[in-house]
There are 2 protein chains.
Amino acid sequence: MSFLHLSVVIMVKESRVDVLIIGAGPAGLMCANALAGAGVDFRIIDNRPVGVAAGQADGIQPRTIEVLQSYGLAEPLLKDGAQMHLCAFYNPGPNGGIERTGRAADVTAPTARYPFKITIGQAAIEALFVDSLKSQGVTVDRPIVPSSLEITQDSEELLDPSSYPVKVVLDHILCSDTAPEQEIVHAKFVVGADGAHSWVRKTLGISMDGEQTDYIWGVIDFIPDTDFPDIRNRCAIHSSNGSCMIIPREGDKVRFYLQMSDKDVMDPETGRVDKYKASAEKLIEVASKTFYPYTVNQPKEVDWCSIYIIGQRVASRFSAHERVFIAGDACHTHSPKAGQGMNASMNDTHNLAWKLAQVLRGRADISLLKTYELERQKYAQDLIDFDREFSALFSGKPRTSDNEEGVTHEQFLRAFQASGGFSSGIGVHYMSSAIVDTTHQGCAPDIIIGQRMLPQMFVRAADARPIEIHDILPADTRFKLLLFVGLLTSEQLTKVRRLAEELQLPTSFLQKYDYPAQGKAQSMFDVISITAGHKDDVNFLDLPPMFRTHWSKVLIDDTDVTGRLGGGAYPRFGIDEKEITMVVVRPDGYVGMIAPSTALESMDKYFGSFLKGKTLNLEA
Amino acid sequence: MSFLHLSVVIMVKESRVDVLIIGAGPAGLMCANALAGAGVDFRIIDNRPVGVAAGQADGIQPRTIEVLQSYGLAEPLLKDGAQMHLCAFYNPGPNGGIERTGRAADVTAPTARYPFKITIGQAAIEALFVDSLKSQGVTVDRPIVPSSLEITQDSEELLDPSSYPVKVVLDHILCSDTAPEQEIVHAKFVVGADGAHSWVRKTLGISMDGEQTDYIWGVIDFIPDTDFPDIRNRCAIHSSNGSCMIIPREGDKVRFYLQMSDKDVMDPETGRVDKYKASAEKLIEVASKTFYPYTVNQPKEVDWCSIYIIGQRVASRFSAHERVFIAGDACHTHSPKAGQGMNASMNDTHNLAWKLAQVLRGRADISLLKTYELERQKYAQDLIDFDREFSALFSGKPRTSDNEEGVTHEQFLRAFQASGGFSSGIGVHYMSSAIVDTTHQGCAPDIIIGQRMLPQMFVRAADARPIEIHDILPADTRFKLLLFVGLLTSEQLTKVRRLAEELQLPTSFLQKYDYPAQGKAQSMFDVISITAGHKDDVNFLDLPPMFRTHWSKVLIDDTDVTGRLGGGAYPRFGIDEKEITMVVVRPDGYVGMIAPSTALESMDKYFGSFLKGKTLNLEA
């Protein structure tokens, strides 16, 4: 009976991977794409058989467009998405209906490279990542459900970046009527990007802190038939019949967020929200009242609709032992209307991915990973605070003659404009840490250390082509060293050559922490020189070879041939043309450190606090 | 013996096609792509088994970028090509070597949307079209050699657009050791885009008029190793050892055009140019002398090199009976250095394709095709005249103390800058004809009738998105009617409504010549309304529905939310905000007609001179 004997030996597949990403929504996919670009060994799994088809999040903030651009992924969105440039405000007028109280720029962050938000379905955003991953030979493994997760208690193992301290059991769902196939995965790191009901978070026992509020909102995507003149602008409508936010979408589609009353959505018997009570027809009916005297006709077709109760919460921890991380909705949930959720989610893993890559390569100390929670938890909390305030204003009753306690247009507009940093994502400001050193902020006072590098046009010295600095700061895991070498007088050139000599010493960070022999993809630094002066005079060959590793690496702070683009960066940044100023841009685009050429030792110290030098490697 | 009997019945394949394009270089491919987009039945054949691999033409003028953009094809070139923004001038210095006498903007046409030229291999340009054709299900039939071409003598048949008056015999080359397979093609129209040695031209007995000059030039594509500081700019170098033009190319590659002396390239026995004497090594040797005191080292690898003698000639006719056309090098040849040949070639068929499409659809009279020769032959002749002058200046000896008759830097710079319209392609100006009517030039004096529509940023009324007008003037065979409706006061709105009523009359050109029932692709007009005023105030719904067929069709002459883009078009164009001005942009982007709303009858007359009205169709 050898057959029977064989059938009880169940072979459980076991595997190893550097990073296991659980969840293929925007946070997980951003993480996967960044790790793929960095050449990291990873897997991404998801419990759904396919990605989202319609609805869900849809707004991309100006900062997120910049981030996607740093991965080469912004163009399809710029081409296919709708763009919100204006926001229109409507309030109750004297005749019982709404009237426009004003229009204002939708993005109030003056340094935004893209002065608008993009809206497009979450499906299109996920497709962007999925296609990019596919071109790199990676697909999402699905449907797979994780069933257990254990982290070693051995502190030595936890500190050894080459160990596999996390054990995850995965159930491969083959079809509905057979038992799932099990797999044991040993991972160096796990990223739980598995949404608001995160299994990873629950398994780690991490609590969500915050409150559930009482505002109930309906959301509907459709092609409207209306005489409302701002139907293609973002609109904040406060009416006596409830509030509405309009989000124009790709093509002719729009999204309405509609404030619902209890009677619209409550089951009178149970006193609980009954999702089925909020039909598309019902939502359009609510809209009709809100829009009066404008008409909104019942559409023939509806793309998607749903209702939700605003919940604003943030996780008490973002990681367990810096071995398992949670990201995205798994660690913070927001009101959708402020357009935050998906943006914060993608930016979580944008922050995490380069750190994981450098630790896995053995170039950075594992302690670097502590900065993920440090940076992203504070941001999430700030965001929640902002969101709560904004949502309350938006969900509150408008001021009318009957309701003198209501929210005025001016109150709302003030909050709207003050919140520009948040609603654009441009205001993200990471506090001092191992990777944010503000010691020498004074030598470039207007490039804020801890914020993202400002966009700025320059002209390339070799061919006078206008270059946006963001376009040469890709998210490729390398630190960008912007060398503001000043006006190249013979005196200044002497200083520049001296700096080059100092940076060639083996003790200099540029030698100690770089690995150029292992190819561009694995190198740690990219040096970009920026001169003052005029494009008719500057000769890029005057710079020492190490400051022009390629002819494309030298820029001039001057206008292009038309005089329309570029120029003025030295005064704008507060940088002295007679000094040499070094600006360190982190792999994620945030400014980590600034120093004058006379403070090289502080630069060495900065990088030494989280990178592993070559000497250390040799000793190991 | 029925087998033997069968074997002598040779079945010659016979086929019919609306347009047969002979030659798949830039002119033929541009034609094919435009016809494919228009849904025309055509075939494109070429006698080479594959397209060009290296070398050949490589410069794309600003106007050609605009044209490619109107087919949705500019982006890959903008991304992959090198861009020439600056031109540097070098002349003999006092020490026997060259020195820089100045740098200037390479493109001196102030209205160019793209203020630079793009350089990229001809192979990449052809690939652009081949890929676009492929996505539309079209491939180039190759290798096929035409062996005879006959046009009917029957004048009635020639005038009937539905007839097939051209018979072409094609030899399909299967392999080198079997006889080619013959095919007889009956075509309504034939486009001969078969190069400088055009078989079509010779078969039609069309002569090339012009002269062969004595300047001999070498051309070489390679990655240079040099200390020359302008190696990434376009350079015009006049040295006592000969002239050189540098064209920076994609990646790190450059092209040198080098003036050769007789002894470098002549066979002393025959007194004729010996191509084999001009090796890559020889060309670099010549460059080394020209560049002194800068060094140009022998490269390890050379992409491509060749020598040529400048020939500037233009064909005496561009068509036979408006049934067979020649285009591109088949009808004009130029000195390559002015970067004209390929640009003029693509623009020939850009001019022809929409005319063929409208005639084949039965919407335009066959006489429309006469405007092809009228417009393109004059341009070719003007170009040849410019080219001859420019080449003479460039090939001439520079002015030095030894040679006081030589060309000075100032003479050359003046010619360079005066020629901006030609060297950018922006200056193309078609004279009055059935499709260029200058009667009402006065109501928009700064939009020149016969020139391409000026690029201009507007903001879209519905959503304040900045829109470059060129981006909504695709080469889709439709005429664009730009309605400058002015400042929408109540008085102006009355005028606007009256105009809408007049344009709704069946006698109006907009009703008589349009075919909206047959779908957007086959319609004749696209109406775009442009208001004056401020984006905070304009309500696009105020316009009559026929002036806003979609919410995206109404623009405002205002700045975008940042204040950086758009605005000022009414004064720039010389258009009165209190009048209504209609600007007709032809399908190829050139302004055909301008009229005030009070001169609708002249607009009816303009379109009536070359389009076929619905009434005519019903009578037929």
# chains A, B, ... in the order shown; residues from 1 in each chain; ligands from 1
$ residues_around --residues "Gln358 of chain B" --least-positions-apart "4" --cutoff "12 Å" --atoms "only C-alpha atoms" --output "JSON, numbers by chain"
{"B": [35, 38, 39, 40, 161, 352, 353, 354, 362, 363, 364, 365, 366, 367, 368, 369, 476, 477, 478, 479, 513, 514, 521, 522, 523, 524, 587, 610, 611, 612]}
$ write_last_selection --atoms "C-alpha atoms" --output "PDB file, in the first residue's frame"
ATOM      1  CA  LEU B  35      -3.373  58.686 -45.290  1.00  0.00           C
ATOM      2  CA  ALA B  38      -7.464  59.659 -42.715  1.00  0.00           C
ATOM      3  CA  GLY B  39      -8.757  56.155 -43.435  1.00  0.00           C
ATOM      4  CA  VAL B  40      -7.648  56.276 -47.097  1.00  0.00           C
ATOM      5  CA  PRO B 161     -11.975  61.142 -59.071  1.00  0.00           C
ATOM      6  CA  LEU B 352      -0.463  66.625 -50.194  1.00  0.00           C
ATOM      7  CA  ALA B 353      -2.077  63.997 -47.975  1.00  0.00           C
ATOM      8  CA  TRP B 354      -5.111  65.890 -46.661  1.00  0.00           C
ATOM      9  CA  GLY B 362     -15.668  63.232 -52.762  1.00  0.00           C
ATOM     10  CA  ARG B 363     -15.677  66.303 -50.507  1.00  0.00           C
ATOM     11  CA  ALA B 364     -13.229  68.408 -52.504  1.00  0.00           C
ATOM     12  CA  ASP B 365     -12.915  69.101 -56.205  1.00  0.00           C
ATOM     13  CA  ILE B 366      -9.995  67.345 -57.889  1.00  0.00           C
ATOM     14  CA  SER B 367      -8.615  70.772 -58.816  1.00  0.00           C
ATOM     15  CA  LEU B 368      -7.606  71.147 -55.157  1.00  0.00           C
ATOM     16  CA  LEU B 369      -4.640  68.929 -56.008  1.00  0.00           C
ATOM     17  CA  ASP B 476      -6.902  65.058 -39.018  1.00  0.00           C
ATOM     18  CA  THR B 477      -8.059  66.367 -42.456  1.00  0.00           C
ATOM     19  CA  ARG B 478     -10.543  68.751 -40.794  1.00  0.00           C
ATOM     20  CA  PHE B 479     -10.592  72.524 -41.121  1.00  0.00           C
ATOM     21  CA  TYR B 513     -19.867  71.469 -46.533  1.00  0.00           C
ATOM     22  CA  ASP B 514     -19.997  69.584 -43.254  1.00  0.00           C
ATOM     23  CA  ALA B 521     -13.402  61.438 -38.409  1.00  0.00           C
ATOM     24  CA  GLN B 522     -15.268  62.316 -41.580  1.00  0.00           C
ATOM     25  CA  SER B 523     -16.552  65.734 -40.550  1.00  0.00           C
ATOM     26  CA  MET B 524     -15.127  68.772 -42.291  1.00  0.00           C
ATOM     27  CA  PRO B 587      -5.859  70.622 -42.020  1.00  0.00           C
ATOM     28  CA  PHE B 610     -12.637  73.909 -53.579  1.00  0.00           C
ATOM     29  CA  LEU B 611     -15.187  71.938 -51.525  1.00  0.00           C
ATOM     30  CA  LYS B 612     -18.215  70.101 -52.840  1.00  0.00           C
TER      31      LYS B 612
END
$ closest_atom_pairs --of "chain A" --to "chain B" --cutoff "8 Å" --atoms "only C-alpha atoms" --output "JSON lines"
{"residue": "A:Gln83", "atom": "CA", "partner": "B:Arg465", "partner_atom": "CA", "distance": 7.0}
{"residue": "A:Met84", "atom": "CA", "partner": "B:Asp463", "partner_atom": "CA", "distance": 6.9}
{"residue": "A:His85", "atom": "CA", "partner": "B:Ala464", "partner_atom": "CA", "distance": 5.9}
{"residue": "A:Leu86", "atom": "CA", "partner": "B:Ala464", "partner_atom": "CA", "distance": 6.3}
{"residue": "A:Gly102", "atom": "CA", "partner": "B:Asp536", "partner_atom": "CA", "distance": 7.6}
{"residue": "A:Arg103", "atom": "CA", "partner": "B:Asp536", "partner_atom": "CA", "distance": 6.0}
{"residue": "A:Ala105", "atom": "CA", "partner": "B:Val561", "partner_atom": "CA", "distance": 5.6}
{"residue": "A:Pro115", "atom": "CA", "partner": "B:Thr562", "partner_atom": "CA", "distance": 7.2}
{"residue": "A:Asp227", "atom": "CA", "partner": "B:Leu541", "partner_atom": "CA", "distance": 7.7}
{"residue": "A:Pro229", "atom": "CA", "partner": "B:Asn539", "partner_atom": "CA", "distance": 6.3}
{"residue": "A:Asp230", "atom": "CA", "partner": "B:Ala462", "partner_atom": "CA", "distance": 6.8}
{"residue": "A:Ile231", "atom": "CA", "partner": "B:Ala462", "partner_atom": "CA", "distance": 7.6}
{"residue": "A:Arg232", "atom": "CA", "partner": "B:Asp463", "partner_atom": "CA", "distance": 5.1}
{"residue": "A:Asn233", "atom": "CA", "partner": "B:Asp463", "partner_atom": "CA", "distance": 5.1}
{"residue": "A:Ala462", "atom": "CA", "partner": "B:Arg232", "partner_atom": "CA", "distance": 5.5}
{"residue": "A:Asp463", "atom": "CA", "partner": "B:Asn233", "partner_atom": "CA", "distance": 5.1}
{"residue": "A:Ala464", "atom": "CA", "partner": "B:His85", "partner_atom": "CA", "distance": 5.9}
{"residue": "A:Arg465", "atom": "CA", "partner": "B:His85", "partner_atom": "CA", "distance": 6.1}
{"residue": "A:Asp536", "atom": "CA", "partner": "B:Arg103", "partner_atom": "CA", "distance": 6.0}
{"residue": "A:Asn539", "atom": "CA", "partner": "B:Pro229", "partner_atom": "CA", "distance": 6.3}
{"residue": "A:Phe540", "atom": "CA", "partner": "B:Pro229", "partner_atom": "CA", "distance": 7.3}
{"residue": "A:Leu541", "atom": "CA", "partner": "B:Pro229", "partner_atom": "CA", "distance": 6.5}
{"residue": "A:Val561", "atom": "CA", "partner": "B:Ala105", "partner_atom": "CA", "distance": 5.6}
{"residue": "A:Thr562", "atom": "CA", "partner": "B:Pro115", "partner_atom": "CA", "distance": 7.2}
$ closest_residue --among "B:Met431, B:Val286, B:Val19, B:Ile120" --to "Arg249 of chain B" --atoms "only C-alpha atoms"
B:Ile120
$ select_by_dssp --residues "segment 175-237 of chain A" --states "strand (DSSP E)" --output "PyMOL selection string"
chain A and resi 181-192+208-222+234-237
$ write_last_selection --atoms "N, CA, C and O atoms" --output "compact mmCIF listing (two decimals), in the first residue's frame"
# COMPACT_ATOMS: atom_id res chain seq x y z
N GLU A 181 -3.14 25.85 -1.32
CA GLU A 181 -1.82 25.25 -1.25
C GLU A 181 -0.97 26.14 -0.33
O GLU A 181 -0.92 27.35 -0.51
N GLN A 182 -0.31 25.51 0.62
CA GLN A 182 0.45 26.32 1.57
C GLN A 182 1.90 26.53 1.14
O GLN A 182 2.48 25.70 0.45
N GLU A 183 2.45 27.67 1.58
CA GLU A 183 3.86 27.97 1.31
C GLU A 183 4.41 28.69 2.53
O GLU A 183 3.73 29.53 3.12
N ILE A 184 5.63 28.34 2.89
CA ILE A 184 6.28 29.05 3.98
C ILE A 184 7.35 29.96 3.37
O ILE A 184 8.21 29.49 2.62
N VAL A 185 7.25 31.23 3.69
CA VAL A 185 8.23 32.18 3.16
C VAL A 185 9.08 32.72 4.31
O VAL A 185 8.54 33.18 5.32
N HIS A 186 10.40 32.64 4.14
CA HIS A 186 11.31 33.27 5.10
C HIS A 186 11.79 34.56 4.49
O HIS A 186 12.40 34.55 3.41
N ALA A 187 11.48 35.67 5.13
CA ALA A 187 11.81 36.97 4.54
C ALA A 187 12.75 37.75 5.45
O ALA A 187 12.71 37.62 6.67
N LYS A 188 13.61 38.55 4.80
CA LYS A 188 14.41 39.48 5.60
C LYS A 188 13.52 40.61 6.11
O LYS A 188 13.63 41.03 7.25
N PHE A 189 12.64 41.09 5.22
CA PHE A 189 11.72 42.17 5.60
C PHE A 189 10.34 41.89 5.03
O PHE A 189 10.22 41.28 3.96
N VAL A 190 9.33 42.37 5.74
CA VAL A 190 7.95 42.26 5.23
C VAL A 190 7.33 43.65 5.25
O VAL A 190 7.53 44.42 6.19
N VAL A 191 6.63 43.99 4.17
CA VAL A 191 5.89 45.25 4.12
C VAL A 191 4.41 44.91 4.05
O VAL A 191 3.95 44.27 3.10
N GLY A 192 3.68 45.31 5.08
CA GLY A 192 2.23 45.08 5.12
C GLY A 192 1.52 46.29 4.54
O GLY A 192 1.39 47.31 5.20
N MET A 208 -5.02 51.10 16.23
CA MET A 208 -5.29 52.31 15.45
C MET A 208 -5.87 53.33 16.41
O MET A 208 -6.90 53.06 17.04
N ASP A 209 -5.25 54.48 16.50
CA ASP A 209 -5.73 55.48 17.44
C ASP A 209 -6.46 56.57 16.68
O ASP A 209 -6.00 57.05 15.65
N GLY A 210 -7.60 56.95 17.18
CA GLY A 210 -8.36 58.02 16.54
C GLY A 210 -9.82 57.77 16.73
O GLY A 210 -10.23 56.88 17.47
N GLU A 211 -10.63 58.56 16.05
CA GLU A 211 -12.06 58.50 16.32
C GLU A 211 -12.83 58.25 15.05
O GLU A 211 -12.37 58.47 13.94
N GLN A 212 -14.01 57.76 15.25
CA GLN A 212 -14.97 57.56 14.18
C GLN A 212 -15.91 58.75 14.27
O GLN A 212 -16.47 59.02 15.33
N THR A 213 -16.07 59.53 13.19
CA THR A 213 -16.98 60.68 13.28
C THR A 213 -18.32 60.30 12.68
O THR A 213 -18.50 59.22 12.16
N ASP A 214 -19.26 61.22 12.77
CA ASP A 214 -20.63 60.89 12.43
C ASP A 214 -21.04 61.30 11.02
O ASP A 214 -22.16 61.07 10.61
N TYR A 215 -20.14 61.97 10.31
CA TYR A 215 -20.54 62.42 8.98
C TYR A 215 -20.64 61.23 8.04
O TYR A 215 -19.75 60.39 7.99
N ILE A 216 -21.74 61.19 7.31
CA ILE A 216 -21.94 60.10 6.36
C ILE A 216 -21.93 60.70 4.96
O ILE A 216 -22.60 61.70 4.70
N TRP A 217 -21.13 60.11 4.09
CA TRP A 217 -21.00 60.66 2.73
C TRP A 217 -21.29 59.59 1.69
O TRP A 217 -20.98 58.42 1.87
N GLY A 218 -21.89 60.06 0.60
CA GLY A 218 -22.08 59.18 -0.56
C GLY A 218 -21.11 59.61 -1.64
O GLY A 218 -20.72 60.79 -1.71
N VAL A 219 -20.69 58.68 -2.45
CA VAL A 219 -19.78 59.03 -3.54
C VAL A 219 -20.27 58.35 -4.81
O VAL A 219 -20.71 57.19 -4.77
N ILE A 220 -20.24 59.08 -5.91
CA ILE A 220 -20.77 58.54 -7.17
C ILE A 220 -19.94 59.04 -8.35
O ILE A 220 -19.58 60.23 -8.41
N ASP A 221 -19.58 58.13 -9.24
CA ASP A 221 -18.83 58.46 -10.47
C ASP A 221 -19.76 58.30 -11.66
O ASP A 221 -20.31 57.21 -11.86
N PHE A 222 -19.92 59.34 -12.46
CA PHE A 222 -20.85 59.25 -13.61
C PHE A 222 -20.59 60.41 -14.58
O PHE A 222 -19.83 61.32 -14.28
N ARG A 234 -13.01 71.61 -9.67
CA ARG A 234 -13.29 71.11 -8.34
C ARG A 234 -14.23 72.13 -7.70
O ARG A 234 -14.05 73.34 -7.87
N CYS A 235 -15.24 71.67 -7.00
CA CYS A 235 -16.17 72.60 -6.36
C CYS A 235 -16.42 72.18 -4.93
O CYS A 235 -16.52 70.99 -4.64
N ALA A 236 -16.50 73.17 -4.08
CA ALA A 236 -16.94 72.95 -2.70
C ALA A 236 -18.27 73.66 -2.58
O ALA A 236 -18.33 74.88 -2.60
N ILE A 237 -19.32 72.87 -2.53
CA ILE A 237 -20.68 73.43 -2.49
C ILE A 237 -21.25 73.25 -1.08
O ILE A 237 -21.37 72.13 -0.59
$ residues_around --residues "Phe390 of chain B" --least-positions-apart "3" --cutoff "8 Å" --atoms "only C-alpha atoms" --output "ChimeraX atom specification"
/B:338,386-387,393-394,415-416
$ atom_distance --atom1 "atom CA of Ala330 of chain A" --atom2 "atom CA of Arg48 of chain A"
16.2 Å
$ residues_around --residues "Asn297 of chain B" --least-positions-apart "6" --cutoff "10 Å" --atoms "only C-alpha atoms" --output "PyMOL selection string"
chain B and resi 224-227+284-285+287-288
$ write_last_selection --atoms "N, CA and C atoms" --output "PDB file, in the first residue's frame"
ATOM      1  N   PRO B 224      33.029  61.536 -30.111  1.00  0.00           N
ATOM      2  CA  PRO B 224      34.324  62.218 -30.168  1.00  0.00           C
ATOM      3  C   PRO B 224      35.100  62.178 -28.852  1.00  0.00           C
ATOM      4  N   ASP B 225      36.403  62.216 -28.985  1.00  0.00           N
ATOM      5  CA  ASP B 225      37.307  62.389 -27.841  1.00  0.00           C
ATOM      6  C   ASP B 225      38.066  63.680 -28.116  1.00  0.00           C
ATOM      7  N   THR B 226      37.650  64.752 -27.437  1.00  0.00           N
ATOM      8  CA  THR B 226      38.156  66.074 -27.796  1.00  0.00           C
ATOM      9  C   THR B 226      38.128  67.022 -26.605  1.00  0.00           C
ATOM     10  N   ASP B 227      38.928  68.074 -26.667  1.00  0.00           N
ATOM     11  CA  ASP B 227      38.866  69.132 -25.650  1.00  0.00           C
ATOM     12  C   ASP B 227      38.178  70.379 -26.196  1.00  0.00           C
ATOM     13  N   ILE B 284      38.845  62.280 -40.010  1.00  0.00           N
ATOM     14  CA  ILE B 284      39.279  62.747 -38.692  1.00  0.00           C
ATOM     15  C   ILE B 284      40.594  63.510 -38.816  1.00  0.00           C
ATOM     16  N   GLU B 285      41.434  63.075 -39.737  1.00  0.00           N
ATOM     17  CA  GLU B 285      42.698  63.785 -39.996  1.00  0.00           C
ATOM     18  C   GLU B 285      42.424  65.225 -40.452  1.00  0.00           C
ATOM     19  N   ALA B 287      39.660  66.861 -39.824  1.00  0.00           N
ATOM     20  CA  ALA B 287      39.077  67.546 -38.672  1.00  0.00           C
ATOM     21  C   ALA B 287      40.169  68.059 -37.738  1.00  0.00           C
ATOM     22  N   SER B 288      41.188  67.227 -37.504  1.00  0.00           N
ATOM     23  CA  SER B 288      42.265  67.610 -36.589  1.00  0.00           C
ATOM     24  C   SER B 288      42.903  68.929 -37.017  1.00  0.00           C
TER      25      SER B 288
END
$ residues_around --residues "Leu499 of chain B" --least-positions-apart "3" --cutoff "9 Å" --atoms "only C-alpha atoms" --output "NGL selection string"
:B and (494-496 or 502-504 or 580 or 597-598 or 600)
$ closest_residue --among "B:Glu75, B:Glu389, B:Glu501, B:Glu250" --to "Gly121 of chain B" --atoms "only C-alpha atoms"
B:Glu250
$ residues_around --residues "Asp141 of chain A" --least-positions-apart "2" --cutoff "12 Å" --atoms "only C-alpha atoms" --output "ChimeraX atom specification"
/A:20-24,29,32,42-51,130,138-139,143-146,170-174
$ write_last_selection --atoms "C-alpha atoms" --output "short mmCIF file (atom, residue, chain, number, x, y, z; two decimals), in the first residue's frame"
data_model
loop_
_atom_site.label_atom_id
_atom_site.label_comp_id
_atom_site.auth_asym_id
_atom_site.auth_seq_id
_atom_site.Cartn_x
_atom_site.Cartn_y
_atom_site.Cartn_z
CA LEU A 20 7.79 40.21 0.97
CA ILE A 21 5.16 42.83 0.14
CA ILE A 22 1.66 41.91 1.29
CA GLY A 23 -0.98 43.86 -0.64
CA ALA A 24 -0.96 45.24 -4.18
CA LEU A 29 2.75 48.59 -5.84
CA ALA A 32 7.36 46.89 -5.54
CA PHE A 42 11.25 40.79 -3.53
CA ARG A 43 7.78 39.34 -4.02
CA ILE A 44 4.41 41.05 -3.99
CA ILE A 45 1.24 39.15 -3.15
CA ASP A 46 -2.42 40.11 -2.95
CA ASN A 47 -5.50 38.34 -1.67
CA ARG A 48 -7.80 39.57 -4.47
CA PRO A 49 -7.88 37.59 -7.72
CA VAL A 50 -7.70 40.86 -9.74
CA GLY A 51 -7.07 44.56 -9.03
CA VAL A 130 1.60 46.85 -12.85
CA VAL A 138 7.60 41.13 -12.13
CA THR A 139 3.96 40.19 -11.64
CA PRO A 143 -4.83 35.38 -4.99
CA ILE A 144 -2.70 34.57 -1.95
CA VAL A 145 -3.84 34.97 1.65
CA PRO A 146 -1.26 35.09 4.45
CA LEU A 170 0.87 31.87 2.67
CA ASP A 171 -2.24 30.15 1.35
CA HIS A 172 -2.35 30.03 -2.43
CA ILE A 173 -6.03 30.07 -3.40
CA LEU A 174 -6.27 27.75 -6.40
#
